[in-house]
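Undergrad: Dumping the structure here so I can ask a few things about it.
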Amino acid sequence: MRVAFVTTDDLDALGTEDVDRPINEAAFAAAGIDLHHRPWTQPANWEDYDLVVIRSPWDYPERTPAFLAWLASVEHLPTLMNPAPIIRWNLDKRYLTELGDAGVSVVPTGYATSLHEVDELLADEANHLARRDTPAEVVVKPTISVGSRNTGRFAVEDPAARALAETILDSGGTVMIQPAIASVSRRGEVAAVVFDGAISHGLVKGPILDVGGRLLGGGYQEAVSATELSAGHRDVALRAVEEVRALAEQRGWVAPGEHLLYGRYDLVQLDDGSQALLEAELFEPSFFLQVDPGAPERLVQAVRRRALQVAGQR
């Protein structure tokens, strides 16, 4: 069995590391699966693989038109995971609106395509936060982004919040503004990693953003550790998993009853103590396999099952 994991051609230039890669290489080799990491930017015979799994194309925000063109070129492959329509939908974080409308608890989010709309959102947040016993802070970021790029946490009245929004708009992006969640600043985010519709493992990602648009420690560093998911975490994550599956099935993106091969669901605790979805990463999440000794094998088995399933349908 030959499997391709789709990546980018220069992770070093992005200042990031694919922490899953050496773990994947060892786990797939032990299972007798021939695993290849192939950059999406370089020519490849994608048809030669039993499964093509999009894993770490982390330069797509800077090369979105080219990435979408490549995606269209491989969309016909039944071996492509996750399916191309899901990736196009998930690439822009405005998908959160659809999940919220479907009943998933999501972090309150506003979107802006002009500075006037930015000003309105910031004013609304200032009024809302002024009525609560929490710091009046917001997070500003583009709807298409990865790794906290062009993302900042600000006091709501800080001119730098508007300046970052203007930078995003000037680059052709859409701005999203969320209240800064106090629990994230204290403890970080909890994530549920899901393979084939079932939760594989949970983890905690430590805080990254400092007030004023800075990154804690002066650079992008993810402090990750294992955690047991609470019932609240599981309920929100699995509700999101099911709503994503139902949406994809309704639109003909997956077969009836079929779950996505993988996803990571990032969760935060709101001020009222409930859990909410911050992000559903459905095509390029780090799985942080190092936090759970059984996670690499669960991924291997999910990939093997899906490759055999696809082969049986061809």
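Starting from 1 in every chain, residues are counted up; chains themselves are A, B, ... following the order of the structure tokens, and ligands are numbered from 1 as listed.
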Mind dumping a table of every stretch 124-214 of chain A residue within 10 Å of stretch 259-270 of chain A, with the nearest atom pair and its distance in Å to one decimal, using only C-alpha atoms, sorted by chain and rising number, as CSV?

TA:
```
residue,atom,partner,partner_atom,distance
A:Ala180,CA,A:Leu270,CA,9.9
A:Ile181,CA,A:Leu270,CA,6.5
A:Ala182,CA,A:Leu270,CA,7.7
A:Ser183,CA,A:Gln269,CA,6.0
A:Val184,CA,A:Val268,CA,6.7
A:Arg187,CA,A:Val268,CA,9.5
A:Gly188,CA,A:Val268,CA,7.7
A:Glu189,CA,A:Val268,CA,5.4
A:Val190,CA,A:Leu267,CA,5.1
A:Ala191,CA,A:Asp266,CA,4.3
A:Ala192,CA,A:Tyr265,CA,5.2
A:Val193,CA,A:Arg264,CA,4.5
A:Val194,CA,A:Gly263,CA,5.3
A:Phe195,CA,A:Tyr262,CA,4.5
A:Asp196,CA,A:Leu261,CA,4.7
A:Gly197,CA,A:His259,CA,5.4
A:Ala198,CA,A:Tyr262,CA,9.1
A:Ile199,CA,A:Arg264,CA,9.2
A:Ser200,CA,A:Tyr262,CA,9.8
A:His201,CA,A:Arg264,CA,9.9
A:Gly202,CA,A:Arg264,CA,9.5
A:Leu203,CA,A:Asp266,CA,9.4
A:Val204,CA,A:Asp266,CA,9.3
A:Lys205,CA,A:Asp266,CA,9.1
```

Undergrad: If you keep C-alpha atoms, can you produce a file of those selected residues as a PDB file, in the first residue's frame?

TA:
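Just written: selection.pdb:
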```pdb
ATOM      1  CA  ALA A 180     -10.796  37.152  23.836  1.00  0.00           C
ATOM      2  CA  ILE A 181     -11.808  34.137  25.933  1.00  0.00           C
ATOM      3  CA  ALA A 182     -10.423  34.406  29.467  1.00  0.00           C
ATOM      4  CA  SER A 183      -9.859  30.656  29.813  1.00  0.00           C
ATOM      5  CA  VAL A 184      -7.668  30.652  26.699  1.00  0.00           C
ATOM      6  CA  ARG A 187      -4.973  27.712  30.210  1.00  0.00           C
ATOM      7  CA  GLY A 188      -5.171  27.602  26.440  1.00  0.00           C
ATOM      8  CA  GLU A 189      -7.376  25.526  24.160  1.00  0.00           C
ATOM      9  CA  VAL A 190      -8.453  21.916  24.418  1.00  0.00           C
ATOM     10  CA  ALA A 191      -8.537  19.897  21.203  1.00  0.00           C
ATOM     11  CA  ALA A 192     -10.198  16.627  20.273  1.00  0.00           C
ATOM     12  CA  VAL A 193      -8.446  14.728  17.479  1.00  0.00           C
ATOM     13  CA  VAL A 194     -10.876  12.593  15.506  1.00  0.00           C
ATOM     14  CA  PHE A 195     -10.200   9.718  13.100  1.00  0.00           C
ATOM     15  CA  ASP A 196     -13.095   8.183  11.158  1.00  0.00           C
ATOM     16  CA  GLY A 197     -15.684   9.913  13.301  1.00  0.00           C
ATOM     17  CA  ALA A 198     -14.288   8.640  16.624  1.00  0.00           C
ATOM     18  CA  ILE A 199     -12.246  10.649  19.108  1.00  0.00           C
ATOM     19  CA  SER A 200      -8.657   9.387  19.165  1.00  0.00           C
ATOM     20  CA  HIS A 201      -7.145  11.608  21.852  1.00  0.00           C
ATOM     21  CA  GLY A 202      -7.370  14.919  23.626  1.00  0.00           C
ATOM     22  CA  LEU A 203      -4.747  17.580  24.193  1.00  0.00           C
ATOM     23  CA  VAL A 204      -4.219  21.034  25.611  1.00  0.00           C
ATOM     24  CA  LYS A 205      -2.539  23.774  23.582  1.00  0.00           C
TER      25      LYS A 205
END
```

Undergrad: I need the strand (DSSP E) residues of stretch 108-173 of chain A per DSSP on the backbone, written as number ranges by chain.

TA: A: 110-112, 137-142, 152-155

Undergrad: Between atom CA of A:Ala280 and atom CA of A:Val52, what is the distance in Å, rounded to a tenth?

TA: 20.5 Å

Undergrad: DSSP on the backbone, alpha helix (DSSP H) only: what residues of stretch 12-78 of chain A does that give? Format it as a list of chain:residue names.

TA: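 Alpha helix (DSSP H) members of stretch 12-78 of chain A, listed: A:Arg21, A:Pro22, A:Ile23, A:Asn24, A:Glu25, A:Ala26, A:Ala27, A:Phe28, A:Ala29, A:Ala30, A:Thr64, A:Pro65, A:Ala66, A:Phe67, A:Leu68, A:Ala69, A:Trp70, A:Leu71, A:Ala72, A:Ser73, A:Val74.
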
Undergrad: Could you write out the selected residues, including C-alpha atoms, as a compact mmCIF listing (two decimals), in the first residue's frame?

TA:
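Written output follows (out32.txt):
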```txt
# COMPACT_ATOMS: atom_id res chain seq x y z
CA ARG A 21 6.04 13.70 10.49
CA PRO A 22 8.74 11.53 12.15
CA ILE A 23 6.08 9.74 14.20
CA ASN A 24 4.05 9.05 11.07
CA GLU A 25 7.07 7.79 9.18
CA ALA A 26 7.92 5.31 11.93
CA ALA A 27 4.34 4.14 12.47
CA PHE A 28 3.52 3.63 8.81
CA ALA A 29 6.83 1.86 8.16
CA ALA A 30 6.12 -0.50 11.06
CA THR A 64 -4.54 30.53 -1.91
CA PRO A 65 -5.37 30.79 -5.65
CA ALA A 66 -2.54 28.39 -6.54
CA PHE A 67 -3.56 25.97 -3.81
CA LEU A 68 -7.18 26.01 -4.93
CA ALA A 69 -6.07 25.41 -8.53
CA TRP A 70 -4.02 22.41 -7.40
CA LEU A 71 -6.95 21.16 -5.36
CA ALA A 72 -9.20 21.35 -8.41
CA SER A 73 -6.64 19.35 -10.38
CA VAL A 74 -6.83 16.41 -7.95
```

Undergrad: Hey, which of A:Thr41, A:Ser274, A:Ser114, A:Thr151 ends up closest to A:Asp170? Count only C-alpha atoms.

TA: A:Ser114

Undergrad: Would you mind listing what lies within 8 Å of A:Ile86 as a PyMOL selection string, with only C-alpha atoms counted and same-chain residues fewer than 5 positions away left out?

TA: chain A and resi 248+253+282

Undergrad: Could you write those residues out with N, CA and C atoms, as an mmCIF file, in the first residue's frame?

TA:
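The resulting selection.cif:
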```cif
data_model
loop_
_atom_site.group_PDB
_atom_site.id
_atom_site.type_symbol
_atom_site.label_atom_id
_atom_site.label_comp_id
_atom_site.auth_asym_id
_atom_site.auth_seq_id
_atom_site.Cartn_x
_atom_site.Cartn_y
_atom_site.Cartn_z
ATOM 1 N N ALA A 248 -21.871 17.547 4.907
ATOM 2 C CA ALA A 248 -21.145 16.994 3.759
ATOM 3 C C ALA A 248 -22.004 15.988 3.001
ATOM 4 N N TRP A 253 -20.893 15.596 -0.746
ATOM 5 C CA TRP A 253 -19.435 15.589 -0.652
ATOM 6 C C TRP A 253 -18.901 14.261 -0.137
ATOM 7 N N LEU A 282 -10.109 20.686 9.336
ATOM 8 C CA LEU A 282 -10.510 19.496 8.604
ATOM 9 C C LEU A 282 -9.613 19.168 7.418
#
```

Undergrad: When you look at A:Ser105 with a cut-off of 8 Å (counting only C-alpha atoms), what residues show up, excluding the ones that are within fewer than 5 positions of it in the same chain? I need them as a CSV table (one decimal) with C-alpha atoms, in the first residue's frame.

TA:
```
chain,number,residue,atom,x,y,z
A,100,GLY,CA,-23.5,27.6,14.8
A,236,VAL,CA,-19.4,19.7,21.7
A,275,GLN,CA,-17.6,24.6,26.1
A,276,ALA,CA,-17.6,26.0,22.6
A,277,LEU,CA,-16.0,25.3,19.3
```

Undergrad: Any idea what the distance is between atom CA of A:Val104 and atom CA of A:Arg239?

TA: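 Distance between the two atoms: 6.4 Å.
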
Undergrad: Write out, as a tab-separated table, each residue of stretch 115-174 of chain A that has an atom at most 10 Å from stretch 90-93 of chain A, together with the closest pair of atoms and their distance in Å to one decimal, counting only C-alpha atoms, rows going by chain and rising number.

TA:
```
residue	atom	partner	partner_atom	distance
A:Pro142	CA	A:Lys93	CA	8.4
A:Thr143	CA	A:Lys93	CA	4.8
A:Ile144	CA	A:Asp92	CA	5.0
A:Ser145	CA	A:Asp92	CA	8.1
A:Val146	CA	A:Leu91	CA	9.6
A:Thr174	CA	A:Asp92	CA	9.1
```

Undergrad: Name the residues in contact with A:Leu122 at a cut-off of 12 Å, using only C-alpha atoms, excluding same-chain residues fewer than 5 positions from it; report them as a ChimeraX atom specification.

TA: /A:109-112,115-117,127-130,136-140,154-162,165,175-179

Undergrad: Find the distance between atom CA of A:Ser185 and atom CA of A:Ala237 and write it in Å to one decimal.

TA: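 Computing the Euclidean distance for atom CA of A:Ser185 and atom CA of A:Ala237 yields 20.9 Å.
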
Undergrad: Between A:Arg251, A:Arg304, A:Arg186, A:Arg94, which has the minimum distance to A:Glu279 (counting only C-alpha atoms)?

TA: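 Distance minimum relative to A:Glu279 lands on A:Arg94.
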
Undergrad: From the options A:Arg38, A:Val291, A:Ala255, A:Glu166, which residue's atoms come nearest to A:Thr227, counting only C-alpha atoms?

TA: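 Ranking A:Arg38, A:Val291, A:Ala255, A:Glu166 by distance to A:Thr227, first place goes to A:Val291.
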